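A.B. asks: Below you'll find the structure I mean.
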Amino acid sequence: MSAQPDLLYSEEEEALRAAVRDLLTDHCDAARVISRTESDAPHDLSLWKALADGMGLAGLLVPEDRGGQGATHREAAVVLEELGRAVAPVPYLTSAVVATEALLACADGGEVLASLASARRIGALAVPLHTAPGAFFPAARAADGVLHGELTGIADADAADVLLVPADDGGLYAVEADAVGVTVTGQTSLDLTRPLARVVLDGAPGHRVGDAGPAVRRALRAGAGLLASEQLGLAEWSLAETVRYLKDRRQFNRPVGGFQALKHRLAQLWLEVVNLRAAARNAADALAADPAAAGDDADAAVAVAQAYAGQVAVRAAEEALQLHGGIGMTWEHPVHLYLKRAKADSIAYGTAGAHREALAGLVDLQAP
């Protein structure tokens, strides 16, 4: 019988949250993020260095004997809540979670894993962002020791130093992003804070680090499960900022937030955000219990979280935009960043429908 999940935050987790939030408050305000989305360098690598190197967050999921901090998915989830609350343009989810989890499942990925854990390099799993755990994923062609092929929709590939590429021989290969035969080209993406890219391999050299199947599945499951915590941060910011605005904005000589119709909308949204917090914490706790196991408990917890998280985050951002009125429609107000991130997140690592289908199979409740 499964142990009762722990949905509460420990004192250590709250201390971690406070430290990350303080750093983001000082170095990741809305104006800076908007300015970066208008530039040719959307990733804030100085912020990444402060988070990953200065605070040691890049190696949270890596055991101490492999060069990391030896923490769990619960701590990583707290970090992602704060990154989601700030819409921080850093490759934490893609490098410190997804790429790291893939390498943890590989027998020969120790050197690359250590470089990611120490923040010397940034990694990206060369699988399209929309791919759900357990779903088919495209692979490059391996021939004569080099890789060929084109992979699209790869999140944060333009910031990566090393790409983890699945190949048709069943292997997962570490490919240096600046190697001969590797071309990374940006693609148009809705979320400007997590850009997508096309990766073209034309005789690119790669080092096989392990088997692609189990590594990609483990990486995508962790990515989907912890993405719910990022979506929680987005939703909490949207709700809190909307409540704050409606308390200050006055109409007919009274705060707009005093109108009953708006109170009802915000109360309903608060209930949905609370439910999302429970689902996200349950997923993080289940992943932390045994990250390497392909157990039904963790699979079900991740599926439940992602079946629910996307719609709540999108609705929270939509409500924030609508209830901010005219100012919410402007480029200068950050709410559009949250709505775009929420919409992009709603299809990342599988849509809600894909996760409901997976959950139905896990509980033997097939659709008609």
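The chains in the structure tokens are called A, B, ... from first to last as shown; in each chain the residues are counted from 1, and the ligands are counted from 1 in the order shown.
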Which of range 114-357 of chain A counts as strand (DSSP E or B) under DSSP, as an MDAnalysis selection string please?
C.D. replies: chainID A and resid 123:125 140:143 146:155 162:167 171:176 182:187 196:205 207:211 250:251 254:255
A.B. asks: Set the distance at 9 Å and use only C-alpha atoms: which residues neighbour Arg21 in chain A once local chain neighbours fewer than 6 positions away are removed? I'd like the list as a PyMOL selection string.
C.D. replies: chain A and resi 79+82-83+85-86
A.B. asks: Since we have the selection now, will you write its residues out, keeping C-alpha atoms, as a PDB file, in the first residue's frame?
C.D. replies:
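Just written: out-v4.pdb:
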```
ATOM      1  CA  VAL A  79      12.296  26.408  -7.203  1.00  0.00           C
ATOM      2  CA  GLU A  82       9.178  30.712  -7.868  1.00  0.00           C
ATOM      3  CA  LEU A  83      10.508  30.643 -11.431  1.00  0.00           C
ATOM      4  CA  ARG A  85       5.841  33.217 -10.455  1.00  0.00           C
ATOM      5  CA  ALA A  86       8.526  35.408 -12.041  1.00  0.00           C
TER       6      ALA A  86
END
```
A.B. asks: May I ask which of the residues A:Ala160, A:Ala307, A:Ala114, A:Asp296 is the closest one to Glu64 in chain A, counting only C-alpha atoms?
C.D. replies: A:Ala114
A.B. asks: Report the distance between CA of Leu246 in chain A and CA of Val312 in chain A in Å, rounded to one decimal place.
C.D. replies: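 Spanning CA of Leu246 in chain A to CA of Val312 in chain A is a straight-line distance of 20.1 Å.
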A.B. asks: Compare A:Arg277, A:Arg121, A:Arg221, A:Arg208 by their minimum atom-to-atom distance to Ala177 in chain A, counting only C-alpha atoms, and give me the closest one.
C.D. replies: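 Ranked by minimum distance to Ala177 in chain A, first place goes to A:Arg121.
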A.B. asks: Please measure the separation of CA of Tyr92 in chain A and CA of Asp53 in chain A, giving the value in Å to one decimal.
C.D. replies: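 Result for CA of Tyr92 in chain A versus CA of Asp53 in chain A: 11.9 Å, one decimal.
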A.B. asks: With a cut-off of 12 Å, could you pull out the residues of range 247-317 of chain A touching range 321-338 of chain A and give me the nearest pair of atoms for each, distance in Å to one decimal, using only C-alpha atoms, ordered by chain and ascending number, as a tab-separated table?
C.D. replies:
```
residue	atom	partner	partner_atom	distance
A:Lys247	CA	A:His324	CA	11.3
A:Asp248	CA	A:His324	CA	11.0
A:Arg249	CA	A:His324	CA	9.0
A:Arg250	CA	A:His324	CA	11.9
A:Val256	CA	A:Leu323	CA	9.5
A:Gly257	CA	A:Leu323	CA	9.7
A:Ala261	CA	A:Leu323	CA	11.5
A:Leu262	CA	A:Leu323	CA	8.5
A:Lys263	CA	A:Leu323	CA	11.3
A:Arg265	CA	A:Leu323	CA	10.0
A:Leu266	CA	A:Leu323	CA	9.9
A:Ala313	CA	A:Tyr338	CA	8.8
A:Val314	CA	A:Tyr338	CA	8.5
A:Arg315	CA	A:Leu321	CA	9.8
A:Ala316	CA	A:Leu321	CA	8.7
A:Ala317	CA	A:Tyr338	CA	6.1
```
A.B. asks: Could you check which of A:Cys106, A:Ala222, A:Leu151, A:Leu227 is closest to Leu201 in chain A, using only C-alpha atoms?
C.D. replies: A:Leu151
A.B. asks: Contacts of Val90 in chain A at 6 Å or less, counting only C-alpha atoms, minus same-chain residues fewer than 2 places along, as a list in words?
C.D. replies: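 Here the answer would be His43, Asp44, Trp48, Ala88 and Tyr92 of chain A.
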A.B. asks: Distance CA of Val182 in chain A-CA of Pro138 in chain A, one decimal place?
C.D. replies: 16.9 Å
